[in-house]
Structures are given as C-alpha cells and as structure tokens.
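> Quick one: the structure is below, questions incoming.
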Amino acid sequence: PEAMPDVVISGINDGANIGTDIIYSGTVGAATEGFVHRISAIAISLNYFPELSFDFVAGELAKHLDELMALSDKPQLLNINFPQKLGEDQHWYWCTQGTRDYNNVYEPYKDEAGKLYYTVGGTPFDDGNEAFTDIAAVNGGLITITPLKLDRTCGYFLNVHKGKILF
C-alpha cells in the first residue's frame, strides 16, 4: 500500500469559513476529503480584508501543528479561522459553529455564453450568535478552532421517528 500523509492542510483561504458558510466552503471540503480517508485534516482561513498576513497565519499553524495533531490518536477534522485583526488575546479558542445568513442571499450573473447563474452573496447577517461561536469570536478578533464531523444526521428528528414507517 502507498504511504498516506499524516495530515491534510487545506488553505489558507482568503476569507473566513465560519458558521453555515462552511457548507459551501471548498477549503473545508478539501479538508473533509482527507478526513473521509481517515487522515487528520485542517481547514484554515483568514478573514476578509485582514491586517494579518498569510505568512503570519502559516507561521502560527506551523508553530502549533504538532500540538494540534497530539490532541487525539484518532483522525480529526478541524476548522481554524483567523480574524481580520488580532486583539491583545492571541490564544486559540474552541468554538461551536455559528449561524450566518445573508441579507441578499442570491446574486444573478451571466457567464460569457450568456447563461444565467447565481452566487451566494450579500451582507452577512450574524445576529444571535453566542460568545464562543466561531462567528462571534472571529468578529471579536479571536482565533477559533472548531472540530467538525461528517455525520449531519439530525439526532432529534431521527430519535422521534426512528423505526417508524413513513409511507
């Protein structure tokens, strides 16, 4: 068998991958692909219009990579986000995934052939996120680390209906 990598690092993405935006993220998707193959994986992003450099973010990840990999003896999928500007607190905080919506969700465009397509865009609407969600923390100038998983099954709904015949 071919040798597998110890870790897959995807990024550094130009723009934070926080909240529900991770659903659309190619950076998180590439890390997830590594994790699907039982390889620890990290998606790393830097918020839009940063005062921080990509070199700084890369250096910080390199400095802490061994510690991150030592967190578990099982493969892990981590989503790390750096803010536009760091406050005095430069610690990395464990956060839950927040919820992000957009005021103008779909923007129409035409390609060179004149075919219509849409992109998700508009102004982020981040209200209602508690202190240690990735959104609130990144918006507050903190570095966030959110452990992700593959199973998106809604446990509550399934527990209510599991084993029942639907139709």
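Residues are referred to by chain and number: the chain letter is A, B, ... according to the order shown in the structure tokens, the number counts from 1 in that chain, and ligands are numbered separately from 1 in the order shown.
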Using only C-alpha atoms, determine which residues lie at most 10 Å from Phe132 (chain A), disregarding the query and same-chain residues fewer than 5 positions distant; provide the list as an MDAnalysis selection string.

chainID A and resid 93:98 137:138 140 142 144

> Would you kindly return, as a PDB file with N, CA and C atoms, in the first residue's frame, each protein, DNA or RNA residue with an atom no farther than 8 Å from any atom of Asn79 (chain A), considering only C-alpha atoms and excluding same-chain residues fewer than 6 positions away?


```pdb
ATOM      1  N   ASN A  17     -14.127  30.977   6.954  1.00  0.00           N
ATOM      2  CA  ASN A  17     -15.103  29.910   6.746  1.00  0.00           C
ATOM      3  C   ASN A  17     -15.718  29.616   8.107  1.00  0.00           C
ATOM      4  N   VAL A  28     -12.963  23.835   3.403  1.00  0.00           N
ATOM      5  CA  VAL A  28     -13.438  22.828   4.344  1.00  0.00           C
ATOM      6  C   VAL A  28     -13.704  21.517   3.601  1.00  0.00           C
ATOM      7  N   ILE A  42      -7.048  19.730   8.442  1.00  0.00           N
ATOM      8  CA  ILE A  42      -7.261  21.087   8.943  1.00  0.00           C
ATOM      9  C   ILE A  42      -7.646  21.976   7.775  1.00  0.00           C
ATOM     10  N   ALA A  43      -8.747  22.699   7.947  1.00  0.00           N
ATOM     11  CA  ALA A  43      -9.099  23.786   7.036  1.00  0.00           C
ATOM     12  C   ALA A  43      -8.711  25.066   7.764  1.00  0.00           C
ATOM     13  N   ILE A  44      -7.962  25.925   7.100  1.00  0.00           N
ATOM     14  CA  ILE A  44      -7.512  27.153   7.760  1.00  0.00           C
ATOM     15  C   ILE A  44      -7.821  28.346   6.872  1.00  0.00           C
ATOM     16  N   THR A 144     -10.146  31.023  16.133  1.00  0.00           N
ATOM     17  CA  THR A 144     -11.090  29.965  16.502  1.00  0.00           C
ATOM     18  C   THR A 144     -10.664  28.627  15.941  1.00  0.00           C
ATOM     19  N   ILE A 145     -11.025  27.599  16.676  1.00  0.00           N
ATOM     20  CA  ILE A 145     -10.815  26.234  16.220  1.00  0.00           C
ATOM     21  C   ILE A 145     -12.105  25.470  16.512  1.00  0.00           C
ATOM     22  N   THR A 146     -12.713  24.944  15.461  1.00  0.00           N
ATOM     23  CA  THR A 146     -13.982  24.232  15.573  1.00  0.00           C
ATOM     24  C   THR A 146     -13.794  22.808  15.074  1.00  0.00           C
ATOM     25  N   PRO A 147     -13.997  21.815  15.948  1.00  0.00           N
ATOM     26  CA  PRO A 147     -13.929  20.429  15.486  1.00  0.00           C
ATOM     27  C   PRO A 147     -15.194  20.098  14.701  1.00  0.00           C
ATOM     28  N   LEU A 148     -15.023  19.492  13.557  1.00  0.00           N
ATOM     29  CA  LEU A 148     -16.155  19.150  12.695  1.00  0.00           C
ATOM     30  C   LEU A 148     -16.311  17.641  12.618  1.00  0.00           C
TER      31      LEU A 148
END
```

> According to DSSP computed on the backbone, where in chain A is there strand (DSSP E)? Give the residues as an MDAnalysis selection string.

chainID A and resid 7:14 40:46 77:82 92:94 101:102 106:110 116:120 124:125 143:148

> For CA of Gly26 (chain A) and CA of Tyr48 (chain A), quote the distance in Å rounded to one decimal.

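CA of Tyr48 (chain A) lies 15.9 Å from CA of Gly26 (chain A).
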
> So, with only C-alpha atoms as the atoms that count, which of A:Ser10, A:Thr99, A:Ser40, A:Asn47 lies closest to Ile135 (chain A)?

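Going through A:Ser10, A:Thr99, A:Ser40, A:Asn47 one by one, the smallest distance to Ile135 (chain A) is for A:Thr99.
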
> Just list as a ChimeraX atom specification whatever in chain A DSSP marks as helix (DSSP H, G or I).

/A:19-23,26-36,54-69,134-139,155-161

> Write the selection just made, keeping N, CA and C atoms, as a tab-separated table (two decimals), in the first residue's frame?


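Contents of again.tsv, freshly written:
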```tsv
chain	number	residue	atom	x	y	z
A	19	GLY	N	-19.46	29.64	10.67
A	19	GLY	CA	-20.91	29.47	10.65
A	19	GLY	C	-21.34	28.55	9.54
A	20	THR	N	-22.51	28.81	9.04
A	20	THR	CA	-23.08	27.97	7.99
A	20	THR	C	-22.36	28.12	6.65
A	21	ASP	N	-21.44	29.09	6.53
A	21	ASP	CA	-20.65	29.21	5.31
A	21	ASP	C	-19.78	27.97	5.06
A	22	ILE	N	-19.51	27.18	6.11
A	22	ILE	CA	-18.67	26.00	5.89
A	22	ILE	C	-19.34	24.99	4.98
A	23	ILE	N	-20.66	25.08	4.85
A	23	ILE	CA	-21.37	24.17	3.95
A	23	ILE	C	-20.91	24.37	2.51
A	26	GLY	N	-15.01	25.34	-0.20
A	26	GLY	CA	-14.11	24.39	-0.85
A	26	GLY	C	-12.93	24.05	0.04
A	27	THR	N	-12.51	25.01	0.87
A	27	THR	CA	-11.40	24.78	1.80
A	27	THR	C	-11.78	23.71	2.81
A	28	VAL	N	-12.96	23.83	3.40
A	28	VAL	CA	-13.44	22.83	4.34
A	28	VAL	C	-13.70	21.52	3.60
A	29	GLY	N	-14.22	21.60	2.38
A	29	GLY	CA	-14.48	20.40	1.59
A	29	GLY	C	-13.22	19.61	1.31
A	30	ALA	N	-12.13	20.29	0.99
A	30	ALA	CA	-10.86	19.59	0.71
A	30	ALA	C	-10.33	18.92	1.98
A	31	ALA	N	-10.43	19.61	3.12
A	31	ALA	CA	-10.01	19.00	4.38
A	31	ALA	C	-10.90	17.80	4.70
A	32	THR	N	-12.19	17.94	4.45
A	32	THR	CA	-13.12	16.85	4.71
A	32	THR	C	-12.77	15.61	3.89
A	33	GLU	N	-12.35	15.82	2.67
A	33	GLU	CA	-11.96	14.69	1.82
A	33	GLU	C	-10.82	13.90	2.45
A	34	GLY	N	-9.85	14.60	3.02
A	34	GLY	CA	-8.78	13.89	3.74
A	34	GLY	C	-9.33	13.11	4.91
A	35	PHE	N	-10.22	13.74	5.67
A	35	PHE	CA	-10.80	13.11	6.85
A	35	PHE	C	-11.62	11.88	6.48
A	36	VAL	N	-12.32	11.92	5.34
A	36	VAL	CA	-13.07	10.77	4.86
A	36	VAL	C	-12.14	9.56	4.69
A	54	PHE	N	-0.80	36.34	5.40
A	54	PHE	CA	-0.88	34.90	5.21
A	54	PHE	C	0.36	34.23	5.78
A	55	ASP	N	1.52	34.90	5.69
A	55	ASP	CA	2.74	34.36	6.28
A	55	ASP	C	2.60	34.20	7.79
A	56	PHE	N	1.98	35.18	8.44
A	56	PHE	CA	1.77	35.11	9.89
A	56	PHE	C	0.90	33.91	10.24
A	57	VAL	N	-0.21	33.75	9.52
A	57	VAL	CA	-1.13	32.64	9.77
A	57	VAL	C	-0.44	31.31	9.54
A	58	ALA	N	0.30	31.19	8.45
A	58	ALA	CA	1.04	29.96	8.16
A	58	ALA	C	2.05	29.67	9.27
A	59	GLY	N	2.72	30.69	9.74
A	59	GLY	CA	3.70	30.52	10.82
A	59	GLY	C	3.05	30.05	12.11
A	60	GLU	N	1.88	30.62	12.42
A	60	GLU	CA	1.16	30.22	13.63
A	60	GLU	C	0.71	28.77	13.54
A	61	LEU	N	0.21	28.36	12.38
A	61	LEU	CA	-0.20	26.97	12.21
A	61	LEU	C	1.00	26.05	12.34
A	62	ALA	N	2.10	26.40	11.69
A	62	ALA	CA	3.31	25.57	11.76
A	62	ALA	C	3.80	25.46	13.21
A	63	LYS	N	3.72	26.55	13.95
A	63	LYS	CA	4.17	26.56	15.34
A	63	LYS	C	3.35	25.62	16.22
A	64	HIS	N	2.06	25.46	15.92
A	64	HIS	CA	1.17	24.68	16.76
A	64	HIS	C	0.74	23.34	16.15
A	65	LEU	N	1.25	22.99	14.98
A	65	LEU	CA	0.79	21.80	14.28
A	65	LEU	C	1.01	20.52	15.10
A	66	ASP	N	2.17	20.36	15.69
A	66	ASP	CA	2.42	19.14	16.47
A	66	ASP	C	1.45	19.05	17.64
A	67	GLU	N	1.18	20.17	18.30
A	67	GLU	CA	0.23	20.18	19.42
A	67	GLU	C	-1.18	19.81	18.94
A	68	LEU	N	-1.57	20.34	17.79
A	68	LEU	CA	-2.89	20.02	17.24
A	68	LEU	C	-3.01	18.54	16.94
A	69	MET	N	-1.97	17.97	16.34
A	69	MET	CA	-2.02	16.56	15.97
A	69	MET	C	-1.98	15.66	17.20
A	134	ASP	N	-18.00	30.36	16.42
A	134	ASP	CA	-16.89	30.80	15.57
A	134	ASP	C	-17.14	32.22	15.03
A	135	ILE	N	-18.38	32.54	14.73
A	135	ILE	CA	-18.68	33.86	14.16
A	135	ILE	C	-18.42	34.97	15.15
A	136	ALA	N	-18.99	34.85	16.34
A	136	ALA	CA	-18.81	35.90	17.35
A	136	ALA	C	-17.34	36.05	17.72
A	137	ALA	N	-16.64	34.95	17.86
A	137	ALA	CA	-15.23	35.00	18.26
A	137	ALA	C	-14.35	35.62	17.17
A	138	VAL	N	-14.52	35.20	15.92
A	138	VAL	CA	-13.72	35.79	14.83
A	138	VAL	C	-14.06	37.27	14.68
A	139	ASN	N	-15.35	37.61	14.73
A	139	ASN	CA	-15.73	39.03	14.65
A	139	ASN	C	-15.17	39.82	15.82
A	155	GLY	N	-30.20	14.22	14.97
A	155	GLY	CA	-30.49	13.24	16.02
A	155	GLY	C	-31.87	13.40	16.62
A	156	TYR	N	-32.30	14.63	16.86
A	156	TYR	CA	-33.61	14.85	17.47
A	156	TYR	C	-34.72	14.28	16.58
A	157	PHE	N	-34.72	14.68	15.33
A	157	PHE	CA	-35.76	14.24	14.40
A	157	PHE	C	-35.74	12.73	14.23
A	158	LEU	N	-34.54	12.18	14.08
A	158	LEU	CA	-34.42	10.74	13.90
A	158	LEU	C	-34.89	10.00	15.14
A	159	ASN	N	-34.54	10.48	16.33
A	159	ASN	CA	-34.98	9.81	17.56
A	159	ASN	C	-36.49	9.80	17.71
A	160	VAL	N	-37.13	10.86	17.25
A	160	VAL	CA	-38.59	10.93	17.32
A	160	VAL	C	-39.22	9.92	16.36
A	161	HIS	N	-38.60	9.71	15.20
A	161	HIS	CA	-39.22	8.91	14.14
A	161	HIS	C	-38.53	7.58	13.83
```

> In Å, rounded to a single decimal, give me how far CA of Asn13 (chain A) is from CA of Pro108 (chain A).

23.9 Å

> Counting only C-alpha atoms, what is within 10 Å of Arg38 (chain A), bar same-chain residues fewer than 4 positions away, as a PyMOL selection string?

chain A and resi 4+6-7+32-34+74-77
